[in-house]
>>> print(open('target_14.csv').read())   # CSV, N, CA and C atoms and all ligand atoms
chain,number,residue,atom,x,y,z
L,1,MET,N,81.7,-132.7,-79.7
L,1,MET,CA,81.0,-131.9,-78.8
L,1,MET,C,79.5,-131.8,-79.2
L,2,LYS,N,78.6,-131.8,-78.2
L,2,LYS,CA,77.2,-131.8,-78.5
L,2,LYS,C,76.7,-130.3,-78.6
L,3,LYS,N,75.6,-130.2,-79.3
L,3,LYS,CA,74.9,-128.9,-79.4
L,3,LYS,C,73.4,-129.1,-79.4
L,4,LEU,N,72.7,-128.2,-78.8
L,4,LEU,CA,71.3,-128.3,-78.8
L,4,LEU,C,70.7,-127.6,-80.0
L,5,LEU,N,70.0,-128.3,-80.8
L,5,LEU,CA,69.3,-127.7,-81.9
L,5,LEU,C,67.8,-127.5,-81.6
L,6,ILE,N,67.3,-126.4,-82.0
L,6,ILE,CA,65.9,-126.1,-81.8
L,6,ILE,C,65.3,-126.0,-83.1
L,7,ARG,N,64.4,-126.9,-83.4
L,7,ARG,CA,63.8,-127.0,-84.8
L,7,ARG,C,62.5,-126.2,-84.7
L,8,SER,N,62.6,-124.9,-84.8
L,8,SER,CA,61.4,-124.1,-84.5
L,8,SER,C,60.3,-124.3,-85.5
L,9,GLU,N,60.6,-124.9,-86.7
L,9,GLU,CA,59.6,-125.2,-87.6
L,9,GLU,C,58.6,-126.3,-87.1
L,10,LEU,N,59.0,-127.0,-86.1
L,10,LEU,CA,58.2,-128.1,-85.6
L,10,LEU,C,57.3,-127.6,-84.4
L,11,CYS,N,57.6,-126.4,-84.0
L,11,CYS,CA,56.9,-125.8,-82.8
L,11,CYS,C,55.6,-125.1,-83.4
L,12,PRO,N,54.4,-125.4,-82.8
L,12,PRO,CA,53.2,-124.7,-83.3
L,12,PRO,C,53.2,-123.2,-82.9
L,13,GLN,N,54.0,-122.8,-81.9
L,13,GLN,CA,54.2,-121.4,-81.5
L,13,GLN,C,52.8,-120.8,-81.1
L,14,ASN,N,52.1,-121.6,-80.4
L,14,ASN,CA,50.7,-121.1,-79.9
L,14,ASN,C,50.5,-121.3,-78.4
L,15,HIS,N,51.6,-121.6,-77.7
L,15,HIS,CA,51.4,-121.9,-76.3
L,15,HIS,C,52.7,-121.6,-75.5
L,16,LYS,N,52.6,-121.5,-74.2
L,16,LYS,CA,53.8,-121.3,-73.4
L,16,LYS,C,54.6,-122.6,-73.4
L,17,CYS,N,55.9,-122.5,-73.6
L,17,CYS,CA,56.7,-123.7,-73.7
L,17,CYS,C,57.0,-124.3,-72.3
L,18,PRO,N,56.5,-125.5,-72.1
L,18,PRO,CA,56.7,-126.2,-70.8
L,18,PRO,C,58.2,-126.5,-70.5
L,19,ALA,N,59.0,-126.7,-71.6
L,19,ALA,CA,60.4,-127.0,-71.4
L,19,ALA,C,61.2,-125.9,-70.8
L,20,VAL,N,60.8,-124.7,-70.9
L,20,VAL,CA,61.5,-123.5,-70.3
L,20,VAL,C,61.7,-123.7,-68.8
L,21,ASN,N,60.7,-124.2,-68.1
L,21,ASN,CA,60.8,-124.4,-66.7
L,21,ASN,C,61.5,-125.7,-66.3
L,22,ILE,N,61.7,-126.6,-67.2
L,22,ILE,CA,62.3,-127.9,-67.0
L,22,ILE,C,63.8,-127.8,-67.0
L,23,CYS,N,64.3,-126.9,-67.8
L,23,CYS,CA,65.8,-126.8,-67.9
L,23,CYS,C,66.4,-126.4,-66.6
L,24,PRO,N,67.3,-127.2,-66.1
L,24,PRO,CA,68.0,-127.0,-64.8
L,24,PRO,C,68.9,-125.8,-64.8
L,25,MET,N,69.3,-125.4,-66.0
L,25,MET,CA,70.3,-124.3,-66.2
L,25,MET,C,69.7,-123.0,-66.6
L,26,LYS,N,68.4,-123.0,-66.7
L,26,LYS,CA,67.6,-121.8,-67.2
L,26,LYS,C,68.2,-121.3,-68.5
L,27,ALA,N,68.6,-122.2,-69.3
L,27,ALA,CA,69.2,-121.9,-70.6
L,27,ALA,C,68.2,-121.5,-71.7
L,28,LEU,N,66.9,-121.9,-71.5
L,28,LEU,CA,65.9,-121.7,-72.5
L,28,LEU,C,65.1,-120.4,-72.1
L,29,GLN,N,64.8,-119.7,-73.2
L,29,GLN,CA,63.9,-118.5,-73.0
L,29,GLN,C,62.9,-118.5,-74.1
L,30,GLN,N,61.7,-118.0,-73.8
L,30,GLN,CA,60.7,-117.9,-74.8
L,30,GLN,C,60.1,-116.4,-74.8
L,31,LYS,N,60.0,-115.8,-75.9
L,31,LYS,CA,59.3,-114.5,-76.0
L,31,LYS,C,57.9,-114.7,-76.6
L,32,ASP,N,57.0,-114.2,-75.9
L,32,ASP,CA,55.6,-114.5,-76.2
L,32,ASP,C,55.4,-116.0,-76.5
L,33,TYR,N,54.7,-116.3,-77.6
L,33,TYR,CA,54.5,-117.8,-77.9
L,33,TYR,C,55.5,-118.2,-79.0
L,34,ASN,N,56.5,-117.5,-79.2
L,34,ASN,CA,57.5,-117.9,-80.2
L,34,ASN,C,58.2,-119.2,-79.8
L,35,ALA,N,58.8,-119.9,-80.7
L,35,ALA,CA,59.7,-121.0,-80.3
L,35,ALA,C,60.8,-120.6,-79.4
L,36,PRO,N,61.1,-121.4,-78.4
L,36,PRO,CA,62.1,-121.0,-77.4
L,36,PRO,C,63.5,-120.9,-78.1
L,37,ILE,N,64.4,-120.1,-77.4
L,37,ILE,CA,65.7,-120.0,-77.9
L,37,ILE,C,66.6,-120.5,-76.7
L,38,VAL,N,67.8,-121.0,-77.1
L,38,VAL,CA,68.8,-121.5,-76.1
L,38,VAL,C,70.0,-120.6,-76.0
L,39,ASP,N,70.4,-120.4,-74.7
L,39,ASP,CA,71.7,-119.8,-74.5
L,39,ASP,C,72.8,-120.9,-74.4
L,40,ASP,N,73.5,-121.0,-75.5
L,40,ASP,CA,74.5,-122.1,-75.6
L,40,ASP,C,75.6,-122.1,-74.4
L,41,SER,N,75.8,-120.9,-73.9
L,41,SER,CA,76.8,-120.8,-72.9
L,41,SER,C,76.3,-121.3,-71.5
L,42,LYS,N,75.0,-121.4,-71.4
L,42,LYS,CA,74.4,-122.0,-70.2
L,42,LYS,C,74.0,-123.5,-70.3
L,43,CYS,N,73.7,-123.9,-71.5
L,43,CYS,CA,73.2,-125.2,-71.8
L,43,CYS,C,74.3,-126.3,-71.5
L,44,ILE,N,74.0,-127.3,-70.7
L,44,ILE,CA,74.9,-128.4,-70.4
L,44,ILE,C,74.6,-129.6,-71.2
L,45,LYS,N,73.7,-129.5,-72.2
L,45,LYS,CA,73.4,-130.6,-73.1
L,45,LYS,C,72.9,-131.9,-72.3
L,46,CYS,N,72.1,-131.6,-71.3
L,46,CYS,CA,71.6,-132.8,-70.5
L,46,CYS,C,70.5,-133.5,-71.1
L,47,GLY,N,69.8,-132.9,-72.1
L,47,GLY,CA,68.8,-133.6,-72.8
L,47,GLY,C,67.4,-133.6,-72.2
L,48,LYS,N,67.2,-132.9,-71.0
L,48,LYS,CA,65.9,-132.9,-70.4
L,48,LYS,C,64.9,-132.3,-71.3
L,49,CYS,N,65.2,-131.2,-71.9
L,49,CYS,CA,64.2,-130.6,-72.8
L,49,CYS,C,63.9,-131.5,-74.0
L,50,VAL,N,64.9,-132.3,-74.5
L,50,VAL,CA,64.7,-133.1,-75.6
L,50,VAL,C,63.6,-134.1,-75.4
L,51,ASN,N,63.6,-134.7,-74.2
L,51,ASN,CA,62.6,-135.7,-73.8
L,51,ASN,C,61.3,-135.1,-73.4
L,52,PHE,N,61.3,-133.9,-73.2
L,52,PHE,CA,60.1,-133.2,-72.6
L,52,PHE,C,59.1,-132.7,-73.7
L,53,CYS,N,59.6,-132.2,-74.8
L,53,CYS,CA,58.8,-131.6,-75.8
L,53,CYS,C,58.1,-132.7,-76.7
L,54,PRO,N,56.7,-132.7,-76.7
L,54,PRO,CA,56.0,-133.7,-77.5
L,54,PRO,C,56.1,-133.5,-79.0
L,55,HIS,N,56.5,-132.3,-79.4
L,55,HIS,CA,56.7,-132.0,-80.8
L,55,HIS,C,58.1,-132.3,-81.3
L,56,LYS,N,59.0,-132.8,-80.4
L,56,LYS,CA,60.4,-133.1,-80.7
L,56,LYS,C,61.1,-131.9,-81.3
L,57,VAL,N,60.9,-130.7,-80.8
L,57,VAL,CA,61.5,-129.5,-81.2
L,57,VAL,C,63.0,-129.5,-80.9
L,58,PHE,N,63.3,-130.1,-79.7
L,58,PHE,CA,64.7,-130.1,-79.2
L,58,PHE,C,65.5,-131.3,-79.7
L,59,CYS,N,66.7,-131.1,-80.1
L,59,CYS,CA,67.5,-132.3,-80.6
L,59,CYS,C,68.9,-132.0,-80.3
L,60,LEU,N,69.6,-133.0,-79.6
L,60,LEU,CA,71.0,-132.9,-79.3
L,60,LEU,C,71.8,-133.5,-80.5
L,61,ILE,N,72.7,-132.7,-81.1
L,61,ILE,CA,73.5,-133.2,-82.2
L,61,ILE,C,75.0,-133.1,-81.9
L,62,GLU,N,75.7,-133.9,-82.6
L,62,GLU,CA,77.2,-133.8,-82.5
L,62,GLU,C,77.6,-132.7,-83.5
L,63,ASN,N,78.5,-131.8,-83.1
L,63,ASN,CA,79.0,-130.8,-84.0
L,63,ASN,C,80.5,-130.7,-84.0
N,1,LIG,S1,69.9,-129.7,-72.9
N,1,LIG,FE1,69.5,-129.5,-70.7
N,1,LIG,S2,70.7,-127.6,-70.1
N,1,LIG,FE2,70.4,-127.6,-72.3
N,1,LIG,S3,68.6,-126.4,-72.7
N,1,LIG,FE3,67.9,-128.6,-72.6
N,1,LIG,S4,67.3,-128.9,-70.5
N,1,LIG,FE4,68.5,-127.0,-70.6
>>> encode(input="target_14.csv", output="structure tokens", more="lines below")
Ligand code: SF4
Amino acid sequence: MKKLLIRSELCPQNHKCPAVNICPMKALQQKDYNAPIVDDSKCIKCGKCVNFCPHKVFCLIEN
């Protein structure tokens, strides 16, 4: 089964995350300029956010 990993250490945390609005399931949330967090119960592991973030913060892994 896949899981979405958010590598927050790669996020500069100084801007509004554009991937939050890309997610078709509204599974991503961002508080202020913090790295986004994912609601695993909503995420369908489609990978849209993975391809969208230029800092490669999102990563789909097998778990
Ligand atoms: S993998 Fe897809 S459903 Fe999951 S957070 Fe990313 S865009 Fe949303």
>>> residues_near_ligand(input="target_14.csv", ligand="ligand LIG 1 (chain N)", cutoff="6.5 Å", atoms="all atoms listed in the file", output="list in words")
Leu4, Ile22, Cys23, Pro24, Met25, Lys26, Ala27, Leu28, Val38, Lys42, Cys43, Ile44, Lys45, Cys46, Gly47, Lys48, Cys49 and Val50 of chain L
>>> residues_around(input="target_14.csv", residues="Lys3 (chain L)", least_positions_apart="2", cutoff="6 Å", atoms="only N, CA and C atoms", output="PyMOL selection string")
chain L and resi 1+5+59-63
>>> select_by_dssp(input="target_14.csv", residues="region 11-53 of chain L", states="helix (DSSP H, G or I)", output="PyMOL selection string")
chain L and resi 19-22+48-52
>>> residues_around(input="target_14.csv", residues="Asp32 (chain L)", least_positions_apart="6", cutoff="8 Å", atoms="only N, CA and C atoms", output="mmCIF file with N, CA and C atoms, keeping the file's coordinate frame")
data_model
loop_
_atom_site.group_PDB
_atom_site.id
_atom_site.type_symbol
_atom_site.label_atom_id
_atom_site.label_comp_id
_atom_site.auth_asym_id
_atom_site.auth_seq_id
_atom_site.Cartn_x
_atom_site.Cartn_y
_atom_site.Cartn_z
ATOM 1 N N GLN L 13 54.000 -122.800 -81.900
ATOM 2 C CA GLN L 13 54.200 -121.400 -81.500
ATOM 3 C C GLN L 13 52.800 -120.800 -81.100
ATOM 4 N N ASN L 14 52.100 -121.600 -80.400
ATOM 5 C CA ASN L 14 50.700 -121.100 -79.900
ATOM 6 C C ASN L 14 50.500 -121.300 -78.400
ATOM 7 N N HIS L 15 51.600 -121.600 -77.700
ATOM 8 C CA HIS L 15 51.400 -121.900 -76.300
ATOM 9 C C HIS L 15 52.700 -121.600 -75.500
ATOM 10 N N LYS L 16 52.600 -121.500 -74.200
ATOM 11 C CA LYS L 16 53.800 -121.300 -73.400
ATOM 12 C C LYS L 16 54.600 -122.600 -73.400
ATOM 13 N N CYS L 17 55.900 -122.500 -73.600
ATOM 14 C CA CYS L 17 56.700 -123.700 -73.700
ATOM 15 C C CYS L 17 57.000 -124.300 -72.300
#
>>> closest_residue(input="target_14.csv", among="L:Ala35, L:Gln29, L:Asn51, L:Asp40", to="Pro12 (chain L)", atoms="only N, CA and C atoms")
L:Ala35
>>> atom_distance(input="target_14.csv", atom1="CA of Pro18 (chain L)", atom2="CA of Lys2 (chain L)")
22.6 Å
>>> atom_distance(input="target_14.csv", atom1="atom C of Val20 (chain L)", atom2="CA of Asp39 (chain L)")
12.2 Å
>>> atom_distance(input="target_14.csv", atom1="CA of Leu10 (chain L)", atom2="CA of Ser41 (chain L)")
23.7 Å
